[in-house]
$ cat coords_10.pdb   # PDB, N, CA and C atoms
ATOM      1  N   MET A   1       0.837  -1.170   0.000  1.00  0.00           N
ATOM      2  CA  MET A   1       0.000   0.000   0.000  1.00  0.00           C
ATOM      3  C   MET A   1       0.889   1.243   0.000  1.00  0.00           C
ATOM      4  N   PRO A   2       0.747   2.113  -0.972  1.00  0.00           N
ATOM      5  CA  PRO A   2       1.592   3.305  -1.034  1.00  0.00           C
ATOM      6  C   PRO A   2       1.288   4.259   0.122  1.00  0.00           C
ATOM      7  N   VAL A   3       2.346   4.840   0.657  1.00  0.00           N
ATOM      8  CA  VAL A   3       2.212   5.849   1.707  1.00  0.00           C
ATOM      9  C   VAL A   3       2.958   7.093   1.265  1.00  0.00           C
ATOM     10  N   MET A   4       2.634   8.215   1.883  1.00  0.00           N
ATOM     11  CA  MET A   4       3.315   9.457   1.536  1.00  0.00           C
ATOM     12  C   MET A   4       4.535   9.643   2.428  1.00  0.00           C
ATOM     13  N   CYS A   5       5.685   9.873   1.816  1.00  0.00           N
ATOM     14  CA  CYS A   5       6.918  10.178   2.532  1.00  0.00           C
ATOM     15  C   CYS A   5       7.258  11.617   2.178  1.00  0.00           C
ATOM     16  N   GLY A   6       6.825  12.549   3.000  1.00  0.00           N
ATOM     17  CA  GLY A   6       6.995  13.949   2.641  1.00  0.00           C
ATOM     18  C   GLY A   6       6.104  14.235   1.454  1.00  0.00           C
ATOM     19  N   ARG A   7       6.682  14.749   0.363  1.00  0.00           N
ATOM     20  CA  ARG A   7       5.860  14.998  -0.817  1.00  0.00           C
ATOM     21  C   ARG A   7       5.983  13.892  -1.854  1.00  0.00           C
ATOM     22  N   PHE A   8       6.660  12.799  -1.511  1.00  0.00           N
ATOM     23  CA  PHE A   8       6.853  11.683  -2.429  1.00  0.00           C
ATOM     24  C   PHE A   8       5.998  10.502  -2.031  1.00  0.00           C
ATOM     25  N   ARG A   9       5.618   9.703  -3.004  1.00  0.00           N
ATOM     26  CA  ARG A   9       4.841   8.496  -2.753  1.00  0.00           C
ATOM     27  C   ARG A   9       5.799   7.327  -2.600  1.00  0.00           C
ATOM     28  N   CYS A  10       5.691   6.594  -1.511  1.00  0.00           N
ATOM     29  CA  CYS A  10       6.564   5.455  -1.243  1.00  0.00           C
ATOM     30  C   CYS A  10       5.769   4.171  -1.441  1.00  0.00           C
ATOM     31  N   ASP A  11       6.291   3.257  -2.227  1.00  0.00           N
ATOM     32  CA  ASP A  11       5.605   1.998  -2.461  1.00  0.00           C
ATOM     33  C   ASP A  11       6.107   0.899  -1.537  1.00  0.00           C
ATOM     34  N   MET A  12       6.773   1.279  -0.464  1.00  0.00           N
ATOM     35  CA  MET A  12       7.259   0.291   0.489  1.00  0.00           C
ATOM     36  C   MET A  12       6.077  -0.275   1.251  1.00  0.00           C
ATOM     37  N   ALA A  13       6.156  -1.505   1.613  1.00  0.00           N
ATOM     38  CA  ALA A  13       5.091  -2.125   2.400  1.00  0.00           C
ATOM     39  C   ALA A  13       5.285  -1.723   3.853  1.00  0.00           C
ATOM     40  N   ALA A  14       4.598  -0.667   4.264  1.00  0.00           N
ATOM     41  CA  ALA A  14       4.770  -0.135   5.613  1.00  0.00           C
ATOM     42  C   ALA A  14       4.287  -1.119   6.669  1.00  0.00           C
ATOM     43  N   ALA A  15       3.329  -1.951   6.321  1.00  0.00           N
ATOM     44  CA  ALA A  15       2.775  -2.884   7.300  1.00  0.00           C
ATOM     45  C   ALA A  15       3.685  -4.091   7.517  1.00  0.00           C
ATOM     46  N   ASP A  16       4.689  -4.275   6.668  1.00  0.00           N
ATOM     47  CA  ASP A  16       5.563  -5.431   6.800  1.00  0.00           C
ATOM     48  C   ASP A  16       6.409  -5.387   8.067  1.00  0.00           C
ATOM     49  N   ARG A  17       6.837  -4.194   8.459  1.00  0.00           N
ATOM     50  CA  ARG A  17       7.708  -4.069   9.626  1.00  0.00           C
ATOM     51  C   ARG A  17       7.248  -2.896  10.477  1.00  0.00           C
ATOM     52  N   PRO A  18       7.266  -3.079  11.781  1.00  0.00           N
ATOM     53  CA  PRO A  18       6.980  -1.929  12.659  1.00  0.00           C
ATOM     54  C   PRO A  18       8.071  -0.873  12.501  1.00  0.00           C
ATOM     55  N   LEU A  19       7.708   0.380  12.690  1.00  0.00           N
ATOM     56  CA  LEU A  19       8.676   1.462  12.502  1.00  0.00           C
ATOM     57  C   LEU A  19       9.899   1.331  13.388  1.00  0.00           C
ATOM     58  N   ASN A  20       9.754   0.743  14.576  1.00  0.00           N
ATOM     59  CA  ASN A  20      10.921   0.609  15.440  1.00  0.00           C
ATOM     60  C   ASN A  20      11.910  -0.435  14.924  1.00  0.00           C
ATOM     61  N   GLU A  21      11.528  -1.205  13.908  1.00  0.00           N
ATOM     62  CA  GLU A  21      12.426  -2.191  13.314  1.00  0.00           C
ATOM     63  C   GLU A  21      13.009  -1.731  11.986  1.00  0.00           C
ATOM     64  N   VAL A  22      12.548  -0.600  11.456  1.00  0.00           N
ATOM     65  CA  VAL A  22      13.039  -0.101  10.180  1.00  0.00           C
ATOM     66  C   VAL A  22      14.400   0.551  10.392  1.00  0.00           C
ATOM     67  N   GLN A  23      15.375   0.171   9.589  1.00  0.00           N
ATOM     68  CA  GLN A  23      16.706   0.759   9.643  1.00  0.00           C
ATOM     69  C   GLN A  23      16.758   1.914   8.656  1.00  0.00           C
ATOM     70  N   PHE A  24      17.098   3.091   9.134  1.00  0.00           N
ATOM     71  CA  PHE A  24      17.231   4.257   8.278  1.00  0.00           C
ATOM     72  C   PHE A  24      18.697   4.554   8.054  1.00  0.00           C
ATOM     73  N   LEU A  25      19.044   4.914   6.821  1.00  0.00           N
ATOM     74  CA  LEU A  25      20.415   5.255   6.452  1.00  0.00           C
ATOM     75  C   LEU A  25      20.512   6.735   6.130  1.00  0.00           C
ATOM     76  N   THR A  26      21.659   7.325   6.429  1.00  0.00           N
ATOM     77  CA  THR A  26      21.908   8.707   6.030  1.00  0.00           C
ATOM     78  C   THR A  26      22.225   8.734   4.542  1.00  0.00           C
ATOM     79  N   VAL A  27      22.235   9.919   3.975  1.00  0.00           N
ATOM     80  CA  VAL A  27      22.578  10.061   2.559  1.00  0.00           C
ATOM     81  C   VAL A  27      23.997   9.547   2.309  1.00  0.00           C
ATOM     82  N   ALA A  28      24.905   9.842   3.217  1.00  0.00           N
ATOM     83  CA  ALA A  28      26.293   9.381   3.066  1.00  0.00           C
ATOM     84  C   ALA A  28      26.366   7.849   3.093  1.00  0.00           C
ATOM     85  N   GLU A  29      25.582   7.209   3.967  1.00  0.00           N
ATOM     86  CA  GLU A  29      25.578   5.751   4.034  1.00  0.00           C
ATOM     87  C   GLU A  29      24.987   5.142   2.765  1.00  0.00           C
ATOM     88  N   VAL A  30      23.916   5.749   2.255  1.00  0.00           N
ATOM     89  CA  VAL A  30      23.312   5.261   1.004  1.00  0.00           C
ATOM     90  C   VAL A  30      24.321   5.390  -0.133  1.00  0.00           C
ATOM     91  N   ALA A  31      25.009   6.531  -0.194  1.00  0.00           N
ATOM     92  CA  ALA A  31      26.015   6.749  -1.241  1.00  0.00           C
ATOM     93  C   ALA A  31      27.111   5.695  -1.158  1.00  0.00           C
ATOM     94  N   SER A  32      27.507   5.346   0.046  1.00  0.00           N
ATOM     95  CA  SER A  32      28.542   4.333   0.229  1.00  0.00           C
ATOM     96  C   SER A  32      28.066   2.954  -0.223  1.00  0.00           C
ATOM     97  N   VAL A  33      26.829   2.598   0.145  1.00  0.00           N
ATOM     98  CA  VAL A  33      26.270   1.297  -0.253  1.00  0.00           C
ATOM     99  C   VAL A  33      26.149   1.204  -1.771  1.00  0.00           C
ATOM    100  N   MET A  34      25.669   2.289  -2.383  1.00  0.00           N
ATOM    101  CA  MET A  34      25.436   2.285  -3.825  1.00  0.00           C
ATOM    102  C   MET A  34      26.695   2.621  -4.631  1.00  0.00           C
ATOM    103  N   ARG A  35      27.743   3.082  -3.920  1.00  0.00           N
ATOM    104  CA  ARG A  35      28.992   3.503  -4.564  1.00  0.00           C
ATOM    105  C   ARG A  35      28.762   4.612  -5.587  1.00  0.00           C
ATOM    106  N   VAL A  36      28.009   5.624  -5.140  1.00  0.00           N
ATOM    107  CA  VAL A  36      27.751   6.819  -5.936  1.00  0.00           C
ATOM    108  C   VAL A  36      28.027   8.026  -5.043  1.00  0.00           C
ATOM    109  N   SER A  37      27.936   9.213  -5.605  1.00  0.00           N
ATOM    110  CA  SER A  37      28.152  10.415  -4.808  1.00  0.00           C
ATOM    111  C   SER A  37      26.906  10.746  -3.999  1.00  0.00           C
ATOM    112  N   LYS A  38      27.080  11.574  -2.977  1.00  0.00           N
ATOM    113  CA  LYS A  38      25.940  12.024  -2.179  1.00  0.00           C
ATOM    114  C   LYS A  38      24.980  12.822  -3.050  1.00  0.00           C
ATOM    115  N   MET A  39      25.497  13.581  -4.005  1.00  0.00           N
ATOM    116  CA  MET A  39      24.634  14.370  -4.888  1.00  0.00           C
ATOM    117  C   MET A  39      23.704  13.453  -5.691  1.00  0.00           C
ATOM    118  N   THR A  40      24.198  12.310  -6.122  1.00  0.00           N
ATOM    119  CA  THR A  40      23.362  11.357  -6.850  1.00  0.00           C
ATOM    120  C   THR A  40      22.224  10.870  -5.960  1.00  0.00           C
ATOM    121  N   VAL A  41      22.514  10.599  -4.698  1.00  0.00           N
ATOM    122  CA  VAL A  41      21.469  10.155  -3.762  1.00  0.00           C
ATOM    123  C   VAL A  41      20.444  11.265  -3.574  1.00  0.00           C
ATOM    124  N   TYR A  42      20.915  12.515  -3.401  1.00  0.00           N
ATOM    125  CA  TYR A  42      19.977  13.637  -3.274  1.00  0.00           C
ATOM    126  C   TYR A  42      19.085  13.748  -4.506  1.00  0.00           C
ATOM    127  N   ARG A  43      19.643  13.549  -5.680  1.00  0.00           N
ATOM    128  CA  ARG A  43      18.835  13.615  -6.911  1.00  0.00           C
ATOM    129  C   ARG A  43      17.778  12.516  -6.933  1.00  0.00           C
ATOM    130  N   LEU A  44      18.156  11.310  -6.508  1.00  0.00           N
ATOM    131  CA  LEU A  44      17.206  10.196  -6.466  1.00  0.00           C
ATOM    132  C   LEU A  44      16.080  10.479  -5.475  1.00  0.00           C
ATOM    133  N   VAL A  45      16.417  11.078  -4.345  1.00  0.00           N
ATOM    134  CA  VAL A  45      15.407  11.410  -3.336  1.00  0.00           C
ATOM    135  C   VAL A  45      14.478  12.496  -3.862  1.00  0.00           C
ATOM    136  N   HIS A  46      15.051  13.574  -4.401  1.00  0.00           N
ATOM    137  CA  HIS A  46      14.231  14.691  -4.869  1.00  0.00           C
ATOM    138  C   HIS A  46      13.371  14.324  -6.078  1.00  0.00           C
ATOM    139  N   SER A  47      13.830  13.382  -6.895  1.00  0.00           N
ATOM    140  CA  SER A  47      13.040  12.974  -8.059  1.00  0.00           C
ATOM    141  C   SER A  47      11.941  11.978  -7.685  1.00  0.00           C
ATOM    142  N   GLY A  48      12.003  11.445  -6.467  1.00  0.00           N
ATOM    143  CA  GLY A  48      10.999  10.484  -6.033  1.00  0.00           C
ATOM    144  C   GLY A  48      11.352   9.042  -6.321  1.00  0.00           C
ATOM    145  N   HIS A  49      12.516   8.787  -6.906  1.00  0.00           N
ATOM    146  CA  HIS A  49      12.929   7.411  -7.196  1.00  0.00           C
ATOM    147  C   HIS A  49      13.344   6.654  -5.940  1.00  0.00           C
ATOM    148  N   LEU A  50      13.793   7.384  -4.932  1.00  0.00           N
ATOM    149  CA  LEU A  50      14.220   6.775  -3.682  1.00  0.00           C
ATOM    150  C   LEU A  50      13.458   7.460  -2.541  1.00  0.00           C
ATOM    151  N   PRO A  51      12.583   6.720  -1.850  1.00  0.00           N
ATOM    152  CA  PRO A  51      11.797   7.338  -0.778  1.00  0.00           C
ATOM    153  C   PRO A  51      12.681   7.707   0.401  1.00  0.00           C
ATOM    154  N   ALA A  52      12.334   8.790   1.064  1.00  0.00           N
ATOM    155  CA  ALA A  52      13.096   9.244   2.225  1.00  0.00           C
ATOM    156  C   ALA A  52      12.196  10.048   3.141  1.00  0.00           C
ATOM    157  N   ILE A  53      12.625  10.156   4.375  1.00  0.00           N
ATOM    158  CA  ILE A  53      11.951  11.040   5.317  1.00  0.00           C
ATOM    159  C   ILE A  53      12.914  12.165   5.645  1.00  0.00           C
ATOM    160  N   ARG A  54      12.352  13.277   6.029  1.00  0.00           N
ATOM    161  CA  ARG A  54      13.175  14.431   6.357  1.00  0.00           C
ATOM    162  C   ARG A  54      13.284  14.529   7.876  1.00  0.00           C
ATOM    163  N   VAL A  55      14.499  14.643   8.362  1.00  0.00           N
ATOM    164  CA  VAL A  55      14.762  14.818   9.783  1.00  0.00           C
ATOM    165  C   VAL A  55      15.547  16.115   9.911  1.00  0.00           C
ATOM    166  N   GLY A  56      14.857  17.171  10.322  1.00  0.00           N
ATOM    167  CA  GLY A  56      15.507  18.480  10.352  1.00  0.00           C
ATOM    168  C   GLY A  56      15.851  18.906   8.942  1.00  0.00           C
ATOM    169  N   ARG A  57      17.126  19.153   8.700  1.00  0.00           N
ATOM    170  CA  ARG A  57      17.562  19.551   7.363  1.00  0.00           C
ATOM    171  C   ARG A  57      18.165  18.398   6.568  1.00  0.00           C
ATOM    172  N   SER A  58      18.147  17.191   7.127  1.00  0.00           N
ATOM    173  CA  SER A  58      18.751  16.052   6.440  1.00  0.00           C
ATOM    174  C   SER A  58      17.692  15.002   6.102  1.00  0.00           C
ATOM    175  N   PHE A  59      18.078  14.052   5.289  1.00  0.00           N
ATOM    176  CA  PHE A  59      17.184  12.977   4.864  1.00  0.00           C
ATOM    177  C   PHE A  59      17.644  11.660   5.455  1.00  0.00           C
ATOM    178  N   ARG A  60      16.687  10.778   5.671  1.00  0.00           N
ATOM    179  CA  ARG A  60      16.968   9.401   6.067  1.00  0.00           C
ATOM    180  C   ARG A  60      16.210   8.499   5.101  1.00  0.00           C
ATOM    181  N   VAL A  61      16.896   7.483   4.617  1.00  0.00           N
ATOM    182  CA  VAL A  61      16.337   6.567   3.621  1.00  0.00           C
ATOM    183  C   VAL A  61      16.206   5.185   4.258  1.00  0.00           C
ATOM    184  N   PRO A  62      15.032   4.570   4.173  1.00  0.00           N
ATOM    185  CA  PRO A  62      14.889   3.208   4.698  1.00  0.00           C
ATOM    186  C   PRO A  62      15.834   2.259   3.961  1.00  0.00           C
ATOM    187  N   GLU A  63      16.551   1.456   4.718  1.00  0.00           N
ATOM    188  CA  GLU A  63      17.526   0.536   4.122  1.00  0.00           C
ATOM    189  C   GLU A  63      16.866  -0.382   3.093  1.00  0.00           C
ATOM    190  N   GLN A  64      15.667  -0.868   3.406  1.00  0.00           N
ATOM    191  CA  GLN A  64      14.953  -1.759   2.492  1.00  0.00           C
ATOM    192  C   GLN A  64      14.669  -1.059   1.161  1.00  0.00           C
ATOM    193  N   ALA A  65      14.399   0.240   1.193  1.00  0.00           N
ATOM    194  CA  ALA A  65      14.130   0.991  -0.037  1.00  0.00           C
ATOM    195  C   ALA A  65      15.357   1.028  -0.934  1.00  0.00           C
ATOM    196  N   VAL A  66      16.538   1.112  -0.326  1.00  0.00           N
ATOM    197  CA  VAL A  66      17.783   1.101  -1.110  1.00  0.00           C
ATOM    198  C   VAL A  66      17.929  -0.246  -1.812  1.00  0.00           C
ATOM    199  N   HIS A  67      17.690  -1.332  -1.069  1.00  0.00           N
ATOM    200  CA  HIS A  67      17.810  -2.671  -1.651  1.00  0.00           C
ATOM    201  C   HIS A  67      16.777  -2.888  -2.756  1.00  0.00           C
ATOM    202  N   GLU A  68      15.548  -2.407  -2.544  1.00  0.00           N
ATOM    203  CA  GLU A  68      14.515  -2.537  -3.574  1.00  0.00           C
ATOM    204  C   GLU A  68      14.875  -1.736  -4.814  1.00  0.00           C
ATOM    205  N   TYR A  69      15.378  -0.522  -4.619  1.00  0.00           N
ATOM    206  CA  TYR A  69      15.777   0.314  -5.755  1.00  0.00           C
ATOM    207  C   TYR A  69      16.873  -0.383  -6.567  1.00  0.00           C
ATOM    208  N   LEU A  70      17.872  -0.919  -5.889  1.00  0.00           N
ATOM    209  CA  LEU A  70      18.961  -1.603  -6.593  1.00  0.00           C
ATOM    210  C   LEU A  70      18.459  -2.855  -7.301  1.00  0.00           C
ATOM    211  N   ARG A  71      17.572  -3.603  -6.654  1.00  0.00           N
ATOM    212  CA  ARG A  71      17.036  -4.823  -7.281  1.00  0.00           C
ATOM    213  C   ARG A  71      16.231  -4.490  -8.531  1.00  0.00           C
ATOM    214  N   GLU A  72      15.403  -3.422  -8.456  1.00  0.00           N
ATOM    215  CA  GLU A  72      14.588  -3.031  -9.609  1.00  0.00           C
ATOM    216  C   GLU A  72      15.425  -2.416 -10.722  1.00  0.00           C
ATOM    217  N   SER A  73      16.555  -1.833 -10.371  1.00  0.00           N
ATOM    218  CA  SER A  73      17.403  -1.160 -11.358  1.00  0.00           C
ATOM    219  C   SER A  73      18.424  -2.088 -11.989  1.00  0.00           C
ATOM    220  N   TYR A  74      18.505  -3.297 -11.479  1.00  0.00           N
ATOM    221  CA  TYR A  74      19.519  -4.233 -11.964  1.00  0.00           C
ATOM    222  C   TYR A  74      19.316  -4.545 -13.443  1.00  0.00           C
ATOM    223  N   VAL A  75      20.398  -4.463 -14.192  1.00  0.00           N
ATOM    224  CA  VAL A  75      20.374  -4.779 -15.612  1.00  0.00           C
ATOM    225  C   VAL A  75      21.190  -6.043 -15.802  1.00  0.00           C
ATOM    226  N   GLY A  76      20.505  -7.141 -16.063  1.00  0.00           N
ATOM    227  CA  GLY A  76      21.193  -8.412 -16.252  1.00  0.00           C
ATOM    228  C   GLY A  76      21.772  -8.495 -17.650  1.00  0.00           C
ATOM    229  N   VAL A  77      22.850  -9.212 -17.767  1.00  0.00           N
ATOM    230  CA  VAL A  77      23.479  -9.414 -19.068  1.00  0.00           C
ATOM    231  C   VAL A  77      23.066 -10.775 -19.581  1.00  0.00           C
ATOM    232  N   GLU A  78      22.454 -10.778 -20.747  1.00  0.00           N
ATOM    233  CA  GLU A  78      22.019 -12.053 -21.330  1.00  0.00           C
ATOM    234  C   GLU A  78      23.198 -12.706 -22.041  1.00  0.00           C
ATOM    235  N   THR A  79      23.356 -14.006 -21.837  1.00  0.00           N
ATOM    236  CA  THR A  79      24.404 -14.746 -22.520  1.00  0.00           C
ATOM    237  C   THR A  79      23.757 -15.632 -23.564  1.00  0.00           C
ATOM    238  N   ALA A  80      24.422 -15.783 -24.671  1.00  0.00           N
ATOM    239  CA  ALA A  80      23.870 -16.565 -25.773  1.00  0.00           C
ATOM    240  C   ALA A  80      24.110 -18.018 -25.610  1.00  0.00           C
TER     241      ALA A  80
END

$ encode --input "coords_10.pdb" --output "structure tokens"
Amino acid sequence: MPVMCGRFRCDMAAADRPLNEVQFLTVAEVASVMRVSKMTVYRLVHSGHLPAIRVGRSFRVPEQAVHEYLRESYVGVETA
């Protein structure tokens, strides 16, 4: 069931885990996991491709959302 994360729609299954069990990552941690720059993570958050919550002036991204984004973005190489 989609929920609103700030002004973005999150397709994460919120009912799957209680909020006290959700692991949130900082932008720097997401950048490290994805091996991209922090600016790339900010672009993904602002475009709505990566759901996040705002804590003060910074963002926190659910760890599961990072894994889902990477799984959906995976480009497999077909072998003949």

$ resolve_selection --input "coords_10.pdb" --expression "the PyMOL selection byres (((chain A and resi 70-73 and name CA) around 12) and name CA)" --output "JSON, numbers by chain"
{"A": [30, 33, 34, 35, 44, 49, 50, 63, 64, 65, 66, 67, 68, 69, 74, 75, 76]}

$ write_last_selection --input "coords_10.pdb" --atoms "N, CA and C atoms" --output "short mmCIF file (atom, residue, chain, number, x, y, z; two decimals), in the frame of the given file"
data_model
loop_
_atom_site.label_atom_id
_atom_site.label_comp_id
_atom_site.auth_asym_id
_atom_site.auth_seq_id
_atom_site.Cartn_x
_atom_site.Cartn_y
_atom_site.Cartn_z
N VAL A 30 23.92 5.75 2.26
CA VAL A 30 23.31 5.26 1.00
C VAL A 30 24.32 5.39 -0.13
N VAL A 33 26.83 2.60 0.14
CA VAL A 33 26.27 1.30 -0.25
C VAL A 33 26.15 1.20 -1.77
N MET A 34 25.67 2.29 -2.38
CA MET A 34 25.44 2.28 -3.82
C MET A 34 26.70 2.62 -4.63
N ARG A 35 27.74 3.08 -3.92
CA ARG A 35 28.99 3.50 -4.56
C ARG A 35 28.76 4.61 -5.59
N LEU A 44 18.16 11.31 -6.51
CA LEU A 44 17.21 10.20 -6.47
C LEU A 44 16.08 10.48 -5.48
N HIS A 49 12.52 8.79 -6.91
CA HIS A 49 12.93 7.41 -7.20
C HIS A 49 13.34 6.65 -5.94
N LEU A 50 13.79 7.38 -4.93
CA LEU A 50 14.22 6.78 -3.68
C LEU A 50 13.46 7.46 -2.54
N GLU A 63 16.55 1.46 4.72
CA GLU A 63 17.53 0.54 4.12
C GLU A 63 16.87 -0.38 3.09
N GLN A 64 15.67 -0.87 3.41
CA GLN A 64 14.95 -1.76 2.49
C GLN A 64 14.67 -1.06 1.16
N ALA A 65 14.40 0.24 1.19
CA ALA A 65 14.13 0.99 -0.04
C ALA A 65 15.36 1.03 -0.93
N VAL A 66 16.54 1.11 -0.33
CA VAL A 66 17.78 1.10 -1.11
C VAL A 66 17.93 -0.25 -1.81
N HIS A 67 17.69 -1.33 -1.07
CA HIS A 67 17.81 -2.67 -1.65
C HIS A 67 16.78 -2.89 -2.76
N GLU A 68 15.55 -2.41 -2.54
CA GLU A 68 14.52 -2.54 -3.57
C GLU A 68 14.88 -1.74 -4.81
N TYR A 69 15.38 -0.52 -4.62
CA TYR A 69 15.78 0.31 -5.76
C TYR A 69 16.87 -0.38 -6.57
N TYR A 74 18.50 -3.30 -11.48
CA TYR A 74 19.52 -4.23 -11.96
C TYR A 74 19.32 -4.54 -13.44
N VAL A 75 20.40 -4.46 -14.19
CA VAL A 75 20.37 -4.78 -15.61
C VAL A 75 21.19 -6.04 -15.80
N GLY A 76 20.50 -7.14 -16.06
CA GLY A 76 21.19 -8.41 -16.25
C GLY A 76 21.77 -8.49 -17.65
#

$ residues_around --input "coords_10.pdb" --residues "Lys38 in chain A" --least-positions-apart "5" --cutoff "7 Å" --atoms "all atoms listed in the file" --output "VMD selection string"
chain A and resid 27 to 28 31 to 32 43

$ atom_distance --input "coords_10.pdb" --atom1 "CA of Arg17 in chain A" --atom2 "CA of Pro51 in chain A"
16.0 Å

$ axis_aligned_box --input "coords_10.pdb" --around "range 44-62 of chain A" --padding-each-side "8 Å" --output "lines of an AutoDock Vina configuration file"
center_x = 14.9
center_y = 10.9
center_z = 1.1
size_x = 23.8
size_y = 33.3
size_z = 34.4

$ atom_distance --input "coords_10.pdb" --atom1 "atom C of Ile53 in chain A" --atom2 "CA of Phe24 in chain A"
9.4 Å

$ atom_distance --input "coords_10.pdb" --atom1 "atom C of Ala52 in chain A" --atom2 "CA of Val22 in chain A"
12.4 Å

$ decode --input "coords_10.pdb" --residues "range 50-74 of chain A" --atoms "C-alpha atoms" --output "PDB file, in the first residue's frame"
ATOM      1  CA  LEU A  50      14.220   6.775  -3.682  1.00  0.00           C
ATOM      2  CA  PRO A  51      11.797   7.338  -0.778  1.00  0.00           C
ATOM      3  CA  ALA A  52      13.096   9.244   2.225  1.00  0.00           C
ATOM      4  CA  ILE A  53      11.951  11.040   5.317  1.00  0.00           C
ATOM      5  CA  ARG A  54      13.175  14.431   6.357  1.00  0.00           C
ATOM      6  CA  VAL A  55      14.762  14.818   9.783  1.00  0.00           C
ATOM      7  CA  GLY A  56      15.507  18.480  10.352  1.00  0.00           C
ATOM      8  CA  ARG A  57      17.562  19.551   7.363  1.00  0.00           C
ATOM      9  CA  SER A  58      18.751  16.052   6.440  1.00  0.00           C
ATOM     10  CA  PHE A  59      17.184  12.977   4.864  1.00  0.00           C
ATOM     11  CA  ARG A  60      16.968   9.401   6.067  1.00  0.00           C
ATOM     12  CA  VAL A  61      16.337   6.567   3.621  1.00  0.00           C
ATOM     13  CA  PRO A  62      14.889   3.208   4.698  1.00  0.00           C
ATOM     14  CA  GLU A  63      17.526   0.536   4.122  1.00  0.00           C
ATOM     15  CA  GLN A  64      14.953  -1.759   2.492  1.00  0.00           C
ATOM     16  CA  ALA A  65      14.130   0.991  -0.037  1.00  0.00           C
ATOM     17  CA  VAL A  66      17.783   1.101  -1.110  1.00  0.00           C
ATOM     18  CA  HIS A  67      17.810  -2.671  -1.651  1.00  0.00           C
ATOM     19  CA  GLU A  68      14.515  -2.537  -3.574  1.00  0.00           C
ATOM     20  CA  TYR A  69      15.777   0.314  -5.755  1.00  0.00           C
ATOM     21  CA  LEU A  70      18.961  -1.603  -6.593  1.00  0.00           C
ATOM     22  CA  ARG A  71      17.036  -4.823  -7.281  1.00  0.00           C
ATOM     23  CA  GLU A  72      14.588  -3.031  -9.609  1.00  0.00           C
ATOM     24  CA  SER A  73      17.403  -1.160 -11.358  1.00  0.00           C
ATOM     25  CA  TYR A  74      19.519  -4.233 -11.964  1.00  0.00           C
TER      26      TYR A  74
END
